[in-house]
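Contents: one structure, followed by commentary.
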Amino acid sequence: MGKKGKISLRSISAFLAFALAFPSLVLAQGAASLLKPYDGLRGKEREEKLIEGARKEGKVVIYSFTAVDQLKPLLDEFQKRYPSVRAEHYRANATGVFNKFATEARAGQTLADVIDVSAGETHTLRQMGLIDPYLSPGREKIPAEFMDEKGFWTAHYHFVIALGFNTQRIKPAEAPRSYEQLLDPRWKGRFSLDPADQDLFGALLLHWGRDKALAYFKNLAKLEPRMLTGHTNQANLVGSGEIEMAPWLYGYRPLQLKDKGAPVETLLFDPVLTNPAYLLLAKNSPHPHAAALLIDWALSADGGMKFLAEKFGRTPTRTGLKERFPQLRVDKYLVVKPEIVGPNFRAVARSMGVPDIGLVTMSEVIERAVQVVSAVKIPVIADADTGYGNALNLVRAVREFERAGVAAIHIEDQVTPKRCGHLEGKEVISLAEMEKKLEAALASRSDPDFAIIGRTDSRAIHGLEDAIRRGKSFARLGADAVFIEAPQSESELETIAGSIPEAPLMVNMFKGGKTPLLPASRLEEMGFRIAIFPSDSQRAAIHAMREALTLLKRDGSTEAMDERLATFKERDRIVGLNEWERLEQKYLKSVEKER
């Protein structure tokens with residue numbers, strides 16, 4: 001193991017968790033309290049009162065994941081209706097919207113009034129106490145499955161999930177018309193999936209039951225789908241014929257392509273999945289009257305919902321409106337609700353703003369790994385989770401991590417999507433399946449110094465004896481190290497160290513987890529050769545940044561902690577400014593002199 005080291009990707013990833021900014025004062029009252037006097041008002045009386053307050057506030061700010069080519073025209077329509085209120089926006093994907101809003105809130109600063117985001121992020125913002133209930137009159141006649149009864153969220157449109165297929169590659173009469181028909185072996189390698197669609201999987205899991213859902217998706221994986229990120233990207237590739245079909249598209253996208261002449265058709269499977277866009281009221285909204293005005297208008301029968309349905313083909317949650325794509329309208333949908341995917345968004349402790357429960361995709365981790373490797377001069381161990389799927393997914397993961405330049409990866413035997421080894425609710429695959437995955441991983445590397453660490457989470461599910469049995473198997477197969485996660489006592493650590501002499505052993509010292517914390521010298525004495533401390537630097541960074549932000553808010557400066565701050569020169573040294581200045585002198589300044 002020429003490249004092993006005592007560093008984990010997660011142990012240094014938290015430096016993006018906070019944004020240093022001057023925090024605004026938190027409002028004494030939440031937005032819901034400020035808007036309570038309008039609860040009994042309806043129609044013109046309510047609108048005029050809100051306009052009066054909004055005019056004084058001057059603007060409304062929405063953080064939205066709605067496509068920018070649709071969001072901007074939508075807000076332009078709002079301003080035509082209410083010219084005294086300037087509408088500003090920040091647009092990103094759902095994770096980006098969540099990260100920006102939550103980061104600002106942690107810094108004591110709320111800039112957004114309204115959040116437009118998907119189910120998982122909605123649930124987490126509610127759990128964090130960052131949104132307030134708002135029972136807009138516009139909620140009337142919107143089906144109950146698109147709303148929270150307390151008013152914390154209301155969907156204004158929803159993404160109806162449809163199969164899109166290229167009619168030049170697949171004849172319409174031959175296209176699959178059900179989830180079951182999609183499992184036909186003739187579709188092997190002929191369709192794409194988005195690895196981020198775990199919310200859709202979760203909805204089907206609850207609808208079908210765990211056994212049926214897991215069996216279905218395992219069979220689907222055997223057909224070797226092409227994994228592509230982005231529904232619009234997949235729709236465009238289907239339209240061009242590069243991909244024959246994609247079963248989980250946002251239905252309006254292929255229909256837009258069809259309107260432009262692309263050889264595309266859509267089909268709906270029963271049950272028809274749909275993923276709503278939820279409108280939320282920021283608890284500390286700086287412009288609560290304008291926020292209420294925007295939400296009321298967006299949900300009204302003659303407002304934003306109508307505009308999006310007619311112009312862009314977004315399916316409104318309200319029935320009875322004219323729709324550009326009525327073929328996406330059915331009597332009953334299987335709705336991806338915050339309470340379905342929300343429990344998988346429990347805490348925000350990682351640099352990407354999501355917990356360690358398998359929500360981060362391989363491409364996102366690889367991107368971060370490249371950044372870490374380029375920033376340090378020591379070996380980097382990356383957590384490759386389960387390899388992001390089956391053995392074939394793992395083969396690709398090994399190649400991508402090796403290309404990224406990391407020294408080692410550890411792969412685990414959990415069911416995909418995984419959970420942090422110190423959380424409850426984990427499941428593991430069979431030893432036989434994990435052995436095949438490990439064999440595939442070992443055979444896929446091109447550099448023999450690229451270390452592959454076999455990890456098992458079986459201790460929490462089947463007990464220590466089974467975990468050791470799995471660890472010994474990993475060693476026999478040729479794993480460069482063995483990692484038994486979450487032993488629960490010092491005696492268990494000693495048992496593990498004495499039971500697997502065939503390979504170096506790795507241990508996780510996770511403060512707050514199930515394993516007792518021991519000094520590195522004691523671990524080495526037992527026989528462990530690799531120790532990771534994946535949260536210490538992260539927690540230190542969080543504590544320091546929180547302290548700095550508190551001082552900024554209290555004093556307007558961080559002078560009181562100057563002695564504990566890195567100096568300007570030290571920061572420049574860490575990022576290598578001297579080296580870049582040397583290169584500048586060598587390659588640029590000489591050219592400037594010749595001019």
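Lettering and numbering for the structure tokens are positional, with chains as A, B, ... in the shown order, residues counted from 1 in each chain, and ligands counted from 1 in the shown order.
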**OP:** Identify, on the basis of only C-alpha atoms, every residue whose closest approach to A:Ser473 does not exceed 10 Å; exclude the query and any residue fewer than 6 positions from it along the same chain; express the result as a PyMOL selection string.
**Re:** chain A and resi 431-432+434-435+454+467+479+482+500+502
**OP:** Would you work out the distance separating atom CA of A:Ile411 from atom CA of A:Thr456, expressed in Å to one decimal?
**Re:** 8.3 Å
Subject >> Of the listed residues A:Ala548, A:Leu517, A:Ala292, A:Leu279, that which approaches A:Thr317 most closely, counting only C-alpha atoms >> reply: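 Nearest to A:Thr317: A:Leu279.
Residues within 8 Å of stretch 180-191 of chain A, counting only C-alpha atoms and excluding same-chain residues fewer than 5 positions away, are A:Asn219, A:Leu220, A:Lys222, A:Leu223, A:Glu224, A:Pro225, A:Arg226, A:Ile243, A:Glu244, A:Met245, A:Ala246, A:Pro247.
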Could you take the residues named above and write them with N, CA, C and O atoms, as a PDB file, in the first residue's frame?
ATOM      1  N   ASN A 219     -33.775  -5.488 -10.663  1.00  0.00           N
ATOM      2  CA  ASN A 219     -33.969  -6.019 -12.014  1.00  0.00           C
ATOM      3  C   ASN A 219     -33.741  -4.942 -13.064  1.00  0.00           C
ATOM      4  O   ASN A 219     -33.211  -5.222 -14.156  1.00  0.00           O
ATOM      5  N   LEU A 220     -34.136  -3.716 -12.733  1.00  0.00           N
ATOM      6  CA  LEU A 220     -33.907  -2.620 -13.670  1.00  0.00           C
ATOM      7  C   LEU A 220     -32.406  -2.383 -13.853  1.00  0.00           C
ATOM      8  O   LEU A 220     -31.934  -2.124 -14.973  1.00  0.00           O
ATOM      9  N   LYS A 222     -30.101  -4.530 -13.767  1.00  0.00           N
ATOM     10  CA  LYS A 222     -29.532  -5.590 -14.604  1.00  0.00           C
ATOM     11  C   LYS A 222     -29.607  -5.247 -16.093  1.00  0.00           C
ATOM     12  O   LYS A 222     -28.872  -5.826 -16.898  1.00  0.00           O
ATOM     13  N   LEU A 223     -30.461  -4.307 -16.447  1.00  0.00           N
ATOM     14  CA  LEU A 223     -30.596  -3.906 -17.851  1.00  0.00           C
ATOM     15  C   LEU A 223     -29.575  -2.848 -18.250  1.00  0.00           C
ATOM     16  O   LEU A 223     -29.613  -2.329 -19.366  1.00  0.00           O
ATOM     17  N   GLU A 224     -28.673  -2.542 -17.329  1.00  0.00           N
ATOM     18  CA  GLU A 224     -27.529  -1.653 -17.596  1.00  0.00           C
ATOM     19  C   GLU A 224     -27.951  -0.307 -18.187  1.00  0.00           C
ATOM     20  O   GLU A 224     -27.516   0.088 -19.276  1.00  0.00           O
ATOM     21  N   PRO A 225     -28.789   0.440 -17.477  1.00  0.00           N
ATOM     22  CA  PRO A 225     -29.167   1.768 -17.974  1.00  0.00           C
ATOM     23  C   PRO A 225     -27.965   2.699 -17.996  1.00  0.00           C
ATOM     24  O   PRO A 225     -27.033   2.564 -17.194  1.00  0.00           O
ATOM     25  N   ARG A 226     -28.011   3.655 -18.882  1.00  0.00           N
ATOM     26  CA  ARG A 226     -26.969   4.679 -18.933  1.00  0.00           C
ATOM     27  C   ARG A 226     -27.307   5.731 -17.881  1.00  0.00           C
ATOM     28  O   ARG A 226     -28.411   6.280 -17.871  1.00  0.00           O
ATOM     29  N   ILE A 243     -30.007   8.741 -27.161  1.00  0.00           N
ATOM     30  CA  ILE A 243     -30.605   7.779 -26.234  1.00  0.00           C
ATOM     31  C   ILE A 243     -31.968   7.407 -26.788  1.00  0.00           C
ATOM     32  O   ILE A 243     -32.718   8.274 -27.256  1.00  0.00           O
ATOM     33  N   GLU A 244     -32.310   6.126 -26.719  1.00  0.00           N
ATOM     34  CA  GLU A 244     -33.583   5.692 -27.297  1.00  0.00           C
ATOM     35  C   GLU A 244     -34.767   6.105 -26.436  1.00  0.00           C
ATOM     36  O   GLU A 244     -35.801   6.523 -26.953  1.00  0.00           O
ATOM     37  N   MET A 245     -34.594   5.973 -25.113  1.00  0.00           N
ATOM     38  CA  MET A 245     -35.699   6.371 -24.246  1.00  0.00           C
ATOM     39  C   MET A 245     -35.205   6.642 -22.834  1.00  0.00           C
ATOM     40  O   MET A 245     -34.124   6.202 -22.433  1.00  0.00           O
ATOM     41  N   ALA A 246     -36.021   7.369 -22.087  1.00  0.00           N
ATOM     42  CA  ALA A 246     -35.746   7.664 -20.680  1.00  0.00           C
ATOM     43  C   ALA A 246     -37.073   7.602 -19.938  1.00  0.00           C
ATOM     44  O   ALA A 246     -37.988   8.370 -20.249  1.00  0.00           O
ATOM     45  N   PRO A 247     -37.225   6.711 -18.959  1.00  0.00           N
ATOM     46  CA  PRO A 247     -38.539   6.502 -18.324  1.00  0.00           C
ATOM     47  C   PRO A 247     -38.917   7.510 -17.248  1.00  0.00           C
ATOM     48  O   PRO A 247     -40.069   7.568 -16.857  1.00  0.00           O
TER      49      PRO A 247
END
Original post:
Hey, can you check how far atom CA of A:Leu328 sits from atom CA of A:Phe159?
Top reply: 9.3 Å
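One distance worth recording is that between atom CA of A:Met305 and atom CA of A:Arg318, which is 7.9 Å.
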**OP:** Could you tell me which of A:Glu140, A:Glu265, A:Asp132, A:Glu524 comes closest to A:Gly164 if we count only C-alpha atoms?
**Re:** A:Glu265
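Closest to A:Leu237 among A:Val264, A:Leu505, A:Ile381, A:Ala531 is A:Val264, based on only C-alpha atoms.
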Original post:
Leaving out stretch 273-275 of chain A and any residue of its chain fewer than 4 positions from it, which residues lie within 9 Å of it when counting only C-alpha atoms, given as a list in words?
Top reply: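 In the requested format, the answer is Ser118, Ala119, Tyr157, His158, Phe159, Val160, Ile161, Ala162, Asp199, Leu200, Ala203, Leu204, Trp248, Tyr250, Leu268, Phe269, Tyr333, Leu334, Val335, Val336 and Lys337 of chain A.
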Original post:
If you run DSSP on the backbone, which residues of stretch 418-595 of chain A are alpha helix (DSSP H), as an NGL selection string?
Top reply: :A and (431-444 or 459-462 or 464-477 or 490-499 or 520-526 or 536-555 or 568-574 or 577-584 or 590-594)
Store the residues of this selection in a file with C-alpha atoms, as an mmCIF file, in the first residue's frame.
data_model
loop_
_atom_site.group_PDB
_atom_site.id
_atom_site.type_symbol
_atom_site.label_atom_id
_atom_site.label_comp_id
_atom_site.auth_asym_id
_atom_site.auth_seq_id
_atom_site.Cartn_x
_atom_site.Cartn_y
_atom_site.Cartn_z
ATOM 1 C CA LEU A 431 -21.714 -11.443 1.376
ATOM 2 C CA ALA A 432 -21.803 -13.180 -2.020
ATOM 3 C CA GLU A 433 -22.909 -9.979 -3.741
ATOM 4 C CA MET A 434 -20.297 -7.908 -1.923
ATOM 5 C CA GLU A 435 -17.575 -10.384 -2.856
ATOM 6 C CA LYS A 436 -18.469 -9.958 -6.525
ATOM 7 C CA LYS A 437 -18.423 -6.174 -6.160
ATOM 8 C CA LEU A 438 -15.024 -6.280 -4.467
ATOM 9 C CA GLU A 439 -13.658 -8.615 -7.163
ATOM 10 C CA ALA A 440 -14.887 -6.185 -9.822
ATOM 11 C CA ALA A 441 -13.293 -3.239 -8.026
ATOM 12 C CA LEU A 442 -9.905 -4.941 -7.637
ATOM 13 C CA ALA A 443 -9.879 -6.014 -11.285
ATOM 14 C CA SER A 444 -10.787 -2.519 -12.502
ATOM 15 C CA ARG A 459 -21.873 -5.189 12.914
ATOM 16 C CA ALA A 460 -25.048 -3.154 13.464
ATOM 17 C CA ILE A 461 -27.281 -5.586 11.546
ATOM 18 C CA HIS A 462 -25.946 -9.128 11.997
ATOM 19 C CA LEU A 464 -19.714 -8.693 15.318
ATOM 20 C CA GLU A 465 -19.130 -12.318 14.301
ATOM 21 C CA ASP A 466 -20.696 -11.797 10.884
ATOM 22 C CA ALA A 467 -18.789 -8.531 10.407
ATOM 23 C CA ILE A 468 -15.487 -10.313 11.111
ATOM 24 C CA ARG A 469 -16.459 -13.127 8.738
ATOM 25 C CA ARG A 470 -17.032 -10.543 6.013
ATOM 26 C CA GLY A 471 -13.788 -8.740 6.816
ATOM 27 C CA LYS A 472 -11.781 -11.972 6.548
ATOM 28 C CA SER A 473 -13.415 -12.643 3.175
ATOM 29 C CA PHE A 474 -12.441 -9.167 1.928
ATOM 30 C CA ALA A 475 -8.845 -9.854 2.970
ATOM 31 C CA ARG A 476 -8.780 -13.234 1.178
ATOM 32 C CA LEU A 477 -10.041 -11.583 -2.009
ATOM 33 C CA GLU A 490 -12.888 -1.308 23.188
ATOM 34 C CA SER A 491 -13.096 -5.080 23.592
ATOM 35 C CA GLU A 492 -14.778 -5.352 20.188
ATOM 36 C CA LEU A 493 -11.936 -3.322 18.680
ATOM 37 C CA GLU A 494 -9.436 -5.724 20.262
ATOM 38 C CA THR A 495 -11.370 -8.724 18.929
ATOM 39 C CA ILE A 496 -11.386 -7.299 15.415
ATOM 40 C CA ALA A 497 -7.664 -6.500 15.545
ATOM 41 C CA GLY A 498 -6.853 -10.039 16.627
ATOM 42 C CA SER A 499 -9.169 -11.774 14.163
ATOM 43 C CA ALA A 520 -3.875 6.833 18.063
ATOM 44 C CA SER A 521 -1.136 5.146 20.110
ATOM 45 C CA ARG A 522 -3.643 2.719 21.648
ATOM 46 C CA LEU A 523 -5.142 1.893 18.233
ATOM 47 C CA GLU A 524 -1.680 1.225 16.845
ATOM 48 C CA GLU A 525 -0.897 -0.970 19.829
ATOM 49 C CA MET A 526 -3.998 -3.048 19.093
ATOM 50 C CA ASP A 536 -12.741 16.727 13.973
ATOM 51 C CA SER A 537 -11.485 19.349 11.520
ATOM 52 C CA GLN A 538 -15.007 19.863 10.269
ATOM 53 C CA ARG A 539 -16.357 20.543 13.755
ATOM 54 C CA ALA A 540 -13.408 22.783 14.572
ATOM 55 C CA ALA A 541 -14.091 24.807 11.435
ATOM 56 C CA ILE A 542 -17.802 25.073 12.248
ATOM 57 C CA HIS A 543 -17.036 26.226 15.792
ATOM 58 C CA ALA A 544 -14.482 28.815 14.647
ATOM 59 C CA MET A 545 -16.708 30.223 11.915
ATOM 60 C CA ARG A 546 -19.689 30.375 14.250
ATOM 61 C CA GLU A 547 -17.570 32.258 16.797
ATOM 62 C CA ALA A 548 -16.333 34.680 14.124
ATOM 63 C CA LEU A 549 -19.859 35.332 12.899
ATOM 64 C CA THR A 550 -21.070 35.908 16.458
ATOM 65 C CA LEU A 551 -18.348 38.512 16.970
ATOM 66 C CA LEU A 552 -19.180 40.165 13.651
ATOM 67 C CA LYS A 553 -22.802 40.427 14.691
ATOM 68 C CA ARG A 554 -22.001 41.660 18.207
ATOM 69 C CA ASP A 555 -19.000 43.933 17.614
ATOM 70 C CA PHE A 568 -3.125 37.347 5.660
ATOM 71 C CA LYS A 569 0.355 36.056 4.753
ATOM 72 C CA GLU A 570 -0.369 32.626 6.203
ATOM 73 C CA ARG A 571 -3.519 32.318 4.142
ATOM 74 C CA ASP A 572 -1.614 33.277 0.989
ATOM 75 C CA ARG A 573 1.103 30.768 1.816
ATOM 76 C CA ILE A 574 -1.428 27.965 2.230
ATOM 77 C CA LEU A 577 0.538 32.509 -3.769
ATOM 78 C CA ASN A 578 4.356 32.631 -3.722
ATOM 79 C CA GLU A 579 4.588 29.877 -6.317
ATOM 80 C CA TRP A 580 2.101 31.597 -8.600
ATOM 81 C CA GLU A 581 3.972 34.893 -8.257
ATOM 82 C CA ARG A 582 7.199 33.104 -9.194
ATOM 83 C CA LEU A 583 5.535 31.694 -12.308
ATOM 84 C CA GLU A 584 4.140 35.125 -13.122
ATOM 85 C CA SER A 590 9.539 39.016 -19.210
ATOM 86 C CA VAL A 591 7.042 39.263 -22.059
ATOM 87 C CA GLU A 592 5.730 42.583 -20.733
ATOM 88 C CA LYS A 593 9.295 44.001 -20.665
ATOM 89 C CA GLU A 594 9.800 43.087 -24.315
#
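Minimum atom-to-atom distance to A:Glu47, evaluated using only C-alpha atoms, belongs to A:Leu293 out of A:Ala221, A:Lys80, A:Tyr252, A:Leu293.
Within the 8 Å cut-off around stretch 168-171 of chain A, using only C-alpha atoms and omitting residues fewer than 2 positions from it on the same chain, the listed residues are Phe165, Asn166, Ala173, Glu174, Ala175, Gly241, Glu244 and Pro263 of chain A.
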Selection from above, N, CA, C and O atoms, as a PDB file, in the first residue's frame, can you write it?
ATOM      1  N   PHE A 165     -39.553   8.751 -25.491  1.00  0.00           N
ATOM      2  CA  PHE A 165     -38.794   7.874 -26.390  1.00  0.00           C
ATOM      3  C   PHE A 165     -38.702   8.496 -27.781  1.00  0.00           C
ATOM      4  O   PHE A 165     -39.562   9.280 -28.206  1.00  0.00           O
ATOM      5  N   ASN A 166     -37.639   8.151 -28.482  1.00  0.00           N
ATOM      6  CA  ASN A 166     -37.392   8.642 -29.831  1.00  0.00           C
ATOM      7  C   ASN A 166     -38.113   7.729 -30.814  1.00  0.00           C
ATOM      8  O   ASN A 166     -37.819   6.525 -30.876  1.00  0.00           O
ATOM      9  N   ALA A 173     -45.813   1.655 -31.216  1.00  0.00           N
ATOM     10  CA  ALA A 173     -46.563   0.457 -30.821  1.00  0.00           C
ATOM     11  C   ALA A 173     -45.712  -0.499 -29.992  1.00  0.00           C
ATOM     12  O   ALA A 173     -46.248  -1.355 -29.274  1.00  0.00           O
ATOM     13  N   GLU A 174     -44.373  -0.362 -30.046  1.00  0.00           N
ATOM     14  CA  GLU A 174     -43.491  -1.277 -29.328  1.00  0.00           C
ATOM     15  C   GLU A 174     -42.987  -0.711 -28.005  1.00  0.00           C
ATOM     16  O   GLU A 174     -42.369  -1.429 -27.218  1.00  0.00           O
ATOM     17  N   ALA A 175     -43.222   0.559 -27.766  1.00  0.00           N
ATOM     18  CA  ALA A 175     -42.689   1.193 -26.552  1.00  0.00           C
ATOM     19  C   ALA A 175     -43.333   0.592 -25.301  1.00  0.00           C
ATOM     20  O   ALA A 175     -44.516   0.221 -25.317  1.00  0.00           O
ATOM     21  N   GLY A 241     -31.856  11.401 -30.503  1.00  0.00           N
ATOM     22  CA  GLY A 241     -31.704   9.992 -30.852  1.00  0.00           C
ATOM     23  C   GLY A 241     -30.480   9.336 -30.256  1.00  0.00           C
ATOM     24  O   GLY A 241     -30.263   8.135 -30.457  1.00  0.00           O
ATOM     25  N   GLU A 244     -32.310   6.126 -26.719  1.00  0.00           N
ATOM     26  CA  GLU A 244     -33.583   5.692 -27.297  1.00  0.00           C
ATOM     27  C   GLU A 244     -34.767   6.105 -26.436  1.00  0.00           C
ATOM     28  O   GLU A 244     -35.801   6.523 -26.953  1.00  0.00           O
ATOM     29  N   PRO A 263     -38.566  14.047 -33.076  1.00  0.00           N
ATOM     30  CA  PRO A 263     -39.295  12.768 -33.150  1.00  0.00           C
ATOM     31  C   PRO A 263     -39.417  12.126 -31.770  1.00  0.00           C
ATOM     32  O   PRO A 263     -38.783  11.121 -31.457  1.00  0.00           O
TER      33      PRO A 263
END
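With only C-alpha atoms as the atoms that count, the residue of A:Asp194, A:Glu45, A:Asp113, A:Glu402 with the shortest distance to A:Pro286 is A:Asp113.
Restricting the calculation to only C-alpha atoms, the smallest distance between A:Ala31 and any of A:Tyr278, A:Glu52, A:His287, A:Thr167 is found for A:His287.
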